[in-house]
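**Q** Input structure: protein-v7.csv, which contains CSV, C-alpha atoms and all ligand atoms.
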```csv
chain,number,residue,atom,x,y,z
A,1,MET,CA,103.6,74.5,78.3
A,2,LYS,CA,101.1,73.2,80.7
A,3,ILE,CA,102.2,70.6,83.2
A,4,ILE,CA,99.1,68.9,84.7
A,5,THR,CA,99.7,67.4,88.1
A,6,ASP,CA,98.9,67.7,91.8
A,7,ASP,CA,99.6,66.1,95.1
A,8,ARG,CA,96.8,63.5,94.7
A,9,CYS,CA,99.0,61.4,92.5
A,10,THR,CA,101.6,60.9,95.2
A,11,GLY,CA,99.1,59.8,97.9
A,12,TYR,CA,99.4,56.0,97.4
A,13,SER,CA,102.3,53.6,97.3
A,14,ARG,CA,103.4,50.0,98.0
A,15,GLU,CA,106.7,49.5,99.7
A,16,GLY,CA,109.4,48.4,97.3
A,17,HIS,CA,107.3,49.0,94.2
A,18,PRO,CA,109.2,50.7,91.3
A,19,GLU,CA,106.1,52.8,90.3
A,20,ARG,CA,106.6,55.1,93.3
A,21,PRO,CA,105.6,58.7,94.3
A,22,ALA,CA,109.2,59.8,94.0
A,23,ARG,CA,108.9,59.5,90.2
A,24,ILE,CA,106.6,62.5,90.3
A,25,THR,CA,108.0,64.5,93.3
A,26,THR,CA,111.6,64.5,92.0
A,27,THR,CA,110.4,65.5,88.5
A,28,VAL,CA,108.3,68.3,89.9
A,29,GLU,CA,111.4,69.5,91.9
A,30,ARG,CA,113.5,69.4,88.8
A,31,LEU,CA,111.0,71.3,86.6
A,32,LYS,CA,110.4,73.9,89.3
A,33,SER,CA,114.1,74.5,89.7
A,34,GLN,CA,114.7,75.2,86.0
A,35,THR,CA,114.2,78.5,84.2
A,36,GLU,CA,114.6,77.6,80.6
A,37,LEU,CA,111.0,76.4,79.9
A,38,PRO,CA,108.1,78.6,80.9
A,39,LEU,CA,105.7,76.2,82.6
A,40,THR,CA,102.1,76.6,83.8
A,41,TRP,CA,101.1,74.2,86.6
A,42,VAL,CA,97.5,73.0,86.3
A,43,PRO,CA,95.5,70.5,88.4
A,44,PRO,CA,93.6,67.6,86.9
A,45,GLY,CA,90.0,68.2,86.1
A,46,ASN,CA,87.0,66.0,86.9
A,47,VAL,CA,86.0,63.0,84.9
A,48,GLU,CA,82.5,61.5,84.5
A,49,ASP,CA,81.7,57.9,84.5
A,50,ALA,CA,80.3,58.1,81.0
A,51,GLN,CA,83.8,59.2,79.8
A,52,ILE,CA,85.5,56.3,81.5
A,53,LEU,CA,82.8,53.8,80.3
A,54,ARG,CA,83.6,54.4,76.6
A,55,ALA,CA,86.8,52.5,77.3
A,56,HIS,CA,86.0,50.3,80.3
A,57,SER,CA,83.3,48.0,81.6
A,58,PRO,CA,81.1,48.8,84.6
A,59,GLU,CA,82.6,45.6,86.1
A,60,LEU,CA,86.1,47.1,86.1
A,61,LEU,CA,84.8,50.3,87.9
A,62,ALA,CA,83.1,48.1,90.5
A,63,ARG,CA,86.3,45.9,90.8
A,64,LEU,CA,88.4,49.0,91.6
A,65,GLU,CA,86.5,49.5,94.8
A,66,ILE,CA,87.2,46.0,96.1
A,67,PRO,CA,90.2,45.9,98.5
A,68,HIS,CA,92.2,43.1,96.9
A,69,ASP,CA,95.4,43.4,94.8
A,70,PHE,CA,94.7,43.2,91.1
A,71,ASP,CA,97.8,41.2,90.3
A,72,ALA,CA,101.3,40.8,91.7
A,73,ASP,CA,102.3,44.2,90.1
A,74,THR,CA,99.2,46.1,90.7
A,75,PRO,CA,98.3,46.6,94.3
A,76,PHE,CA,95.0,47.7,95.7
A,77,CYS,CA,95.6,50.9,97.8
A,78,GLU,CA,93.2,53.0,99.8
A,79,ASN,CA,91.2,55.3,97.4
A,80,ILE,CA,92.9,53.8,94.3
A,81,PRO,CA,89.7,54.6,92.3
A,82,GLY,CA,90.2,58.3,93.2
A,83,PHE,CA,93.8,58.3,92.2
A,84,ALA,CA,93.1,56.5,88.9
A,85,ARG,CA,90.3,59.0,88.2
A,86,ALA,CA,92.6,62.0,88.9
A,87,SER,CA,95.1,60.6,86.4
A,88,VAL,CA,92.3,60.4,83.8
A,89,GLY,CA,91.1,63.9,84.7
A,90,ALA,CA,94.6,65.1,84.0
A,91,ALA,CA,94.6,63.4,80.6
A,92,LEU,CA,91.4,65.2,79.7
A,93,VAL,CA,92.9,68.6,80.7
A,94,ALA,CA,95.9,67.8,78.5
A,95,LEU,CA,93.6,66.9,75.6
A,96,LYS,CA,91.8,70.2,76.0
A,97,ALA,CA,95.0,72.2,76.1
A,98,ALA,CA,96.2,70.6,72.9
A,99,ARG,CA,93.0,71.5,71.2
A,100,ASP,CA,93.5,75.1,72.4
A,101,GLY,CA,96.8,75.1,70.7
A,102,GLU,CA,99.0,74.6,73.8
A,103,ASN,CA,101.6,72.1,74.6
A,104,ALA,CA,100.6,69.9,77.5
A,105,PHE,CA,102.2,67.1,79.6
A,106,SER,CA,100.3,65.1,82.2
A,107,LEU,CA,102.7,64.4,85.0
A,108,MET,CA,100.6,62.0,86.9
A,109,ARG,CA,100.4,58.4,88.2
A,110,PRO,CA,99.0,55.8,88.0
A,111,PRO,CA,100.0,55.2,84.4
A,112,GLY,CA,97.3,53.6,82.2
A,113,HIS,CA,98.4,51.8,79.0
A,114,HIS,CA,98.2,48.2,80.3
A,115,ALA,CA,94.7,48.6,81.7
A,116,THR,CA,92.2,46.7,79.4
A,117,ARG,CA,88.5,47.2,79.1
A,118,ASP,CA,87.9,44.8,82.0
A,119,GLN,CA,91.2,44.5,83.9
A,120,ALA,CA,93.6,46.6,85.9
A,121,MET,CA,97.2,45.3,85.4
A,122,GLY,CA,100.8,46.2,85.0
A,123,PHE,CA,100.7,49.2,87.5
A,124,CYS,CA,97.6,50.5,85.6
A,125,TYR,CA,94.0,50.9,86.7
A,126,LEU,CA,92.2,53.0,84.1
A,127,ASN,CA,93.5,53.6,80.6
A,128,ASN,CA,94.2,57.3,80.5
A,129,ILE,CA,95.2,57.5,76.9
A,130,ALA,CA,92.4,55.4,75.5
A,131,ILE,CA,89.8,57.3,77.5
A,132,ALA,CA,91.3,60.6,76.1
A,133,VAL,CA,91.3,59.3,72.5
A,134,LEU,CA,87.7,58.1,72.7
A,135,GLU,CA,86.7,61.5,74.3
A,136,ALA,CA,88.4,63.3,71.4
A,137,LEU,CA,86.5,61.2,68.9
A,138,ALA,CA,83.2,61.7,70.7
A,139,THR,CA,83.7,65.5,70.7
A,140,GLY,CA,84.7,66.4,67.2
A,141,SER,CA,88.1,65.0,66.3
A,142,LYS,CA,88.0,62.9,63.1
A,143,ARG,CA,91.4,61.3,62.9
A,144,VAL,CA,93.2,60.6,66.2
A,145,ALA,CA,96.5,58.8,66.4
A,146,ALA,CA,97.9,57.4,69.6
A,147,ILE,CA,101.6,56.8,69.8
A,148,ASP,CA,103.2,54.9,72.7
A,149,PHE,CA,107.0,54.9,73.2
A,150,ASP,CA,107.0,53.2,76.6
A,151,VAL,CA,109.3,50.2,76.4
A,152,HIS,CA,106.4,47.9,77.2
A,153,HIS,CA,103.6,47.2,74.7
A,154,GLY,CA,100.4,49.1,75.5
A,155,ASN,CA,98.3,46.0,75.4
A,156,GLY,CA,95.4,47.8,77.1
A,157,THR,CA,95.3,50.7,74.7
A,158,GLU,CA,95.5,48.3,71.8
A,159,ALA,CA,92.6,46.2,73.1
A,160,ILE,CA,90.4,49.2,73.7
A,161,LEU,CA,91.2,51.1,70.4
A,162,LEU,CA,91.2,48.0,68.2
A,163,ASP,CA,89.2,48.6,65.1
A,164,GLN,CA,87.6,51.7,66.5
A,165,PRO,CA,86.8,54.0,63.6
A,166,GLY,CA,88.8,57.3,63.3
A,167,CYS,CA,91.8,56.2,65.4
A,168,THR,CA,95.1,54.4,65.0
A,169,TYR,CA,97.6,53.1,67.6
A,170,PHE,CA,101.3,52.9,67.1
A,171,SER,CA,103.5,51.2,69.7
A,172,ILE,CA,107.3,51.0,69.8
A,173,HIS,CA,108.4,48.6,72.5
A,174,GLN,CA,110.8,45.9,73.5
A,175,PHE,CA,109.8,42.4,72.5
A,176,PRO,CA,109.9,39.9,74.1
A,177,CYS,CA,109.1,41.7,77.3
A,178,TYR,CA,106.1,42.3,79.6
A,179,PRO,CA,103.2,41.9,78.9
A,180,GLY,CA,104.1,39.5,76.1
A,181,SER,CA,101.9,41.0,73.3
A,182,GLY,CA,102.9,43.4,70.5
A,183,SER,CA,104.9,41.2,68.2
A,184,THR,CA,102.7,42.0,65.1
A,185,ASP,CA,100.1,44.4,63.8
A,186,VAL,CA,96.5,43.7,65.0
A,187,GLY,CA,93.2,44.5,63.4
A,188,THR,CA,92.9,47.4,60.9
A,189,ASN,CA,94.4,50.2,63.0
A,190,CYS,CA,97.0,48.9,65.6
A,191,PHE,CA,100.6,48.9,64.4
A,192,ASN,CA,103.4,47.4,66.5
A,193,TYR,CA,107.1,48.0,66.2
A,194,PRO,CA,108.9,45.4,68.3
A,195,VAL,CA,112.6,46.0,69.2
A,196,ALA,CA,114.8,43.2,70.4
A,197,PRO,CA,116.2,43.4,74.0
A,198,ASP,CA,119.6,45.1,74.0
A,199,ALA,CA,119.2,46.2,70.4
A,200,PRO,CA,121.6,49.0,69.5
A,201,ARG,CA,120.5,52.6,70.1
A,202,GLU,CA,120.6,53.2,66.3
A,203,THR,CA,118.1,50.4,65.8
A,204,TYR,CA,115.8,51.7,68.5
A,205,ARG,CA,115.9,55.2,67.0
A,206,ALA,CA,115.4,54.0,63.4
A,207,THR,CA,112.3,52.0,64.6
A,208,LEU,CA,110.9,55.1,66.4
A,209,ALA,CA,111.5,57.1,63.2
A,210,ARG,CA,109.7,54.5,61.1
A,211,ALA,CA,106.6,54.5,63.5
A,212,LEU,CA,106.6,58.4,63.4
A,213,GLY,CA,106.6,58.2,59.6
A,214,ASP,CA,103.7,55.8,59.5
A,215,LEU,CA,101.8,57.9,62.0
A,216,ASN,CA,102.3,61.0,59.8
A,217,ASN,CA,101.0,59.1,56.8
A,218,PHE,CA,97.7,58.6,58.7
A,219,GLN,CA,97.4,62.4,58.7
A,220,PRO,CA,96.0,62.7,62.2
A,221,ASP,CA,94.2,65.9,63.3
A,222,LEU,CA,95.2,65.1,66.9
A,223,ILE,CA,98.0,63.0,68.4
A,224,ALA,CA,97.9,61.4,71.9
A,225,VAL,CA,101.2,60.4,73.2
A,226,SER,CA,101.8,57.6,75.8
A,227,ALA,CA,105.2,58.9,77.0
A,228,GLY,CA,107.1,56.2,78.9
A,229,PHE,CA,110.7,56.7,79.7
A,230,ASP,CA,111.7,53.1,80.4
A,231,ALA,CA,113.4,52.4,77.1
A,232,TYR,CA,116.2,54.4,78.7
A,233,ALA,CA,119.5,52.6,78.7
A,234,ARG,CA,119.7,52.7,82.5
A,235,ASP,CA,116.1,51.9,83.3
A,236,PRO,CA,115.9,48.9,85.7
A,237,LEU,CA,112.8,47.3,84.2
A,238,ALA,CA,113.9,46.6,80.6
A,239,ASP,CA,116.8,46.4,78.2
A,240,GLY,CA,116.4,49.5,76.1
A,241,SER,CA,119.2,51.7,74.8
A,242,LEU,CA,117.8,55.2,74.5
A,243,LEU,CA,119.5,58.3,76.1
A,244,ALA,CA,118.1,61.6,77.3
A,245,GLU,CA,118.8,63.2,73.9
A,246,ASP,CA,116.7,60.5,72.2
A,247,PHE,CA,113.7,61.6,74.3
A,248,HIS,CA,114.5,65.2,73.3
A,249,TRP,CA,114.5,64.1,69.7
A,250,LEU,CA,111.1,62.4,70.2
A,251,GLY,CA,109.6,65.6,71.5
A,252,GLN,CA,111.1,67.6,68.7
A,253,SER,CA,109.9,65.1,66.1
A,254,LEU,CA,106.3,65.1,67.4
A,255,ARG,CA,106.4,68.9,67.4
A,256,GLY,CA,107.7,68.7,63.8
A,257,LEU,CA,104.6,66.7,62.6
A,258,GLY,CA,102.5,69.9,63.0
A,259,ALA,CA,99.4,68.4,64.4
A,260,PRO,CA,98.2,69.3,68.0
A,261,PHE,CA,99.4,66.7,70.5
A,262,PHE,CA,99.5,66.1,74.2
A,263,SER,CA,101.5,63.6,76.3
A,264,LEU,CA,100.8,61.5,79.3
A,265,LEU,CA,103.4,60.0,81.5
A,266,GLU,CA,103.4,56.2,81.4
A,267,GLY,CA,106.5,54.3,82.7
A,268,GLY,CA,110.1,55.3,83.5
A,269,TYR,CA,111.7,54.0,86.7
A,270,SER,CA,115.3,55.1,86.7
A,271,ARG,CA,116.6,57.8,89.0
A,272,ASP,CA,117.2,59.9,85.9
A,273,LEU,CA,113.5,60.2,85.0
A,274,PRO,CA,113.4,63.9,85.8
A,275,GLU,CA,116.2,64.6,83.3
A,276,LEU,CA,114.5,62.4,80.7
A,277,ILE,CA,111.2,64.2,81.0
A,278,PHE,CA,112.9,67.6,81.0
A,279,ALA,CA,114.8,66.6,77.8
A,280,TYR,CA,111.5,65.5,76.2
A,281,LEU,CA,109.7,68.7,77.2
A,282,LYS,CA,112.5,70.8,75.7
A,283,GLY,CA,112.1,68.9,72.5
A,284,VAL,CA,108.3,69.5,72.6
A,285,GLU,CA,108.9,73.2,73.1
A,286,GLY,CA,111.4,73.5,70.3
A,287,HIS,CA,114.4,74.2,72.6
A,288,LYS,CA,117.8,72.7,72.0
A,289,PHE,CA,119.1,69.8,74.0
A,290,HIS,CA,121.9,70.6,76.4
A,291,GLN,CA,123.1,68.0,78.9
B,301,ZN,ZN,106.7,50.6,80.7
```
Just give me the structure of the file as structure tokens.
**A**
Amino acid sequence: MKIITDDRCTGYSREGHPERPARITTTVERLKSQTELPLTWVPPGNVEDAQILRAHSPELLARLEIPHDFDADTPFCENIPGFARASVGAALVALKAARDGENAFSLMRPPGHHATRDQAMGFCYLNNIAIAVLEALATGSKRVAAIDFDVHHGNGTEAILLDQPGCTYFSIHQFPCYPGSGSTDVGTNCFNYPVAPDAPRETYRATLARALGDLNNFQPDLIAVSAGFDAYARDPLADGSLLAEDFHWLGQSLRGLGAPFFSLLEGGYSRDLPELIFAYLKGVEGHKFHQ
């Protein structure tokens, strides 16, 4: 299992913001202190403008350089374009690892799934998963499925992948919730699975299982996973009901589909994030869940 990360992703922050460097540093500590999973630590690679520009407008790239907050949730920080590009670079390393037959998890920030073609929003600046999907399609993959189990709808990923040939997008999320979209399917290839706030855990699990079944019916040759851990019962930002063992089950279920896949960290704001990620990785590697 490759874990793609480096110190670059902890070099920016805004005081009081839930999307904070400790999300990564505590997870790195947890993963380095365990001996159950053999992990290889890999830094992000480089990314070229042409790869980003399949998903984003030149105007967004220019906007990232302007020192003004993007919205109330999405601060401008010194060198934010560099941090955002490193996160994309990690996604591309994860994509390559999956194609080489390895398990891979990008443990980076900023997340990406709310960033649209033209707009940074919702803690996201560049859409890591959409850029990776479009890179895969441009370099030989024929059927790429993106699945997003972050508790928030990936409005940016949906907008970028909408009606793009060769790919599908499946999002399971709380609705109503930020950003307000995701109540119904959109276009020919974007499928949404809304779950009501405070829905029972069984309902959330059944909805995830339904989405995984639909994804499998698409018969992807590659799966890109937006792995958010904020549908966790104790996450402060939403009203989900999942437990650590559900994230283990998600990893195991994705493994069970048999197609190569790679995962990118999106949200997840509780202090238990390291345990949730560890549980997920154990599932991905086919290890049993132990609390
Ligand atoms: Zn989220």
**Q** I'd like the interatomic distance between CA of Pro38 (chain A) and CA of Ala224 (chain A), to a tenth of an Å.
**A**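 Atom-to-atom, CA of Pro38 (chain A) to CA of Ala224 (chain A), that is 21.9 Å.
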**Q** Within 6 Å of ligand ZN 301 (chain B), counting only C-alpha atoms and all ligand atoms, which protein or nucleic acid residues do you find, written as a PyMOL selection string?
**A** chain A and resi 150-152+228+230+267
**Q** Which of these residues is nearest to Asp73 (chain A), using all atoms listed in the file: A:Ala22, A:Met1, A:Ala259, A:Met121?
**A**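 Of all the options, A:Met121 lies closest to Asp73 (chain A).
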**Q** Residues around (94.3, 53.6, 73.0), cut-off 6 Å, counting all atoms listed in the file - what are they as a PyMOL selection string?
**A** chain A and resi 129-130+157-158+160-161
**Q** Name all residues at most 7 Å from Ala145 (chain A) (count all atoms listed in the file; drop same-chain ones fewer than 4 positions away) and give them as an MDAnalysis selection string.
**A** chainID A and resid 167:169 215 220 222:224
**Q** Quick one: everything within 12 Å of Ala97 (chain A), counting only C-alpha atoms, minus sequence neighbours fewer than 5 positions away in the same chain. Send it as a ChimeraX atom specification.
**A** /A:1-4,40,42,44-45,90-92,102-106,222,224,260-263
**Q** Under the rule that all atoms listed in the file are counted, which of A:Asp100, A:Glu65, A:Glu275, A:Glu135 is the nearest residue to Val88 (chain A)?
**A**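 Distance minimum relative to Val88 (chain A) lands on A:Glu135.
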**Q** So, counting all atoms listed in the file, which residue among A:Arg234, A:His248, A:His287, A:His153 is closest to Gly122 (chain A)?
**A**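 Distance minimum relative to Gly122 (chain A) lands on A:His153.
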**Q** If you measure from CA of Trp249 (chain A) to CA of Asn127 (chain A), what distance in Å do you get, rounded to one decimal?
**A**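 One can read the CA of Trp249 (chain A) to CA of Asn127 (chain A) distance as 25.9 Å.
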**Q** What are the closest atom pairs, with distances in Å to one decimal, for all residues of region 48-96 of chain A lying within 10 Å of region 12-21 of chain A? Consider only C-alpha atoms, order rows by chain and residue number, and present the result as a Markdown table.
**A**
```
| residue | atom | partner | partner_atom | distance |
| --- | --- | --- | --- | --- |
| A:Asp73 | CA | A:His17 | CA | 8.1 |
| A:Thr74 | CA | A:Arg14 | CA | 9.3 |
| A:Pro75 | CA | A:Arg14 | CA | 7.2 |
| A:Phe76 | CA | A:Arg14 | CA | 9.0 |
| A:Cys77 | CA | A:Tyr12 | CA | 6.4 |
| A:Glu78 | CA | A:Tyr12 | CA | 7.3 |
| A:Asn79 | CA | A:Tyr12 | CA | 8.2 |
| A:Ile80 | CA | A:Tyr12 | CA | 7.5 |
| A:Phe83 | CA | A:Tyr12 | CA | 8.0 |
```
**Q** Rank nothing, just name the residue among A:Pro200, A:Gly283, A:Pro274, A:Pro179 nearest to Glu29 (chain A), using only C-alpha atoms.
**A** A:Pro274
**Q** What is the CA of Glu48 (chain A) to CA of Ala62 (chain A) distance in Å?
**A**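 Distance reported for this atom pair: 14.7 Å.
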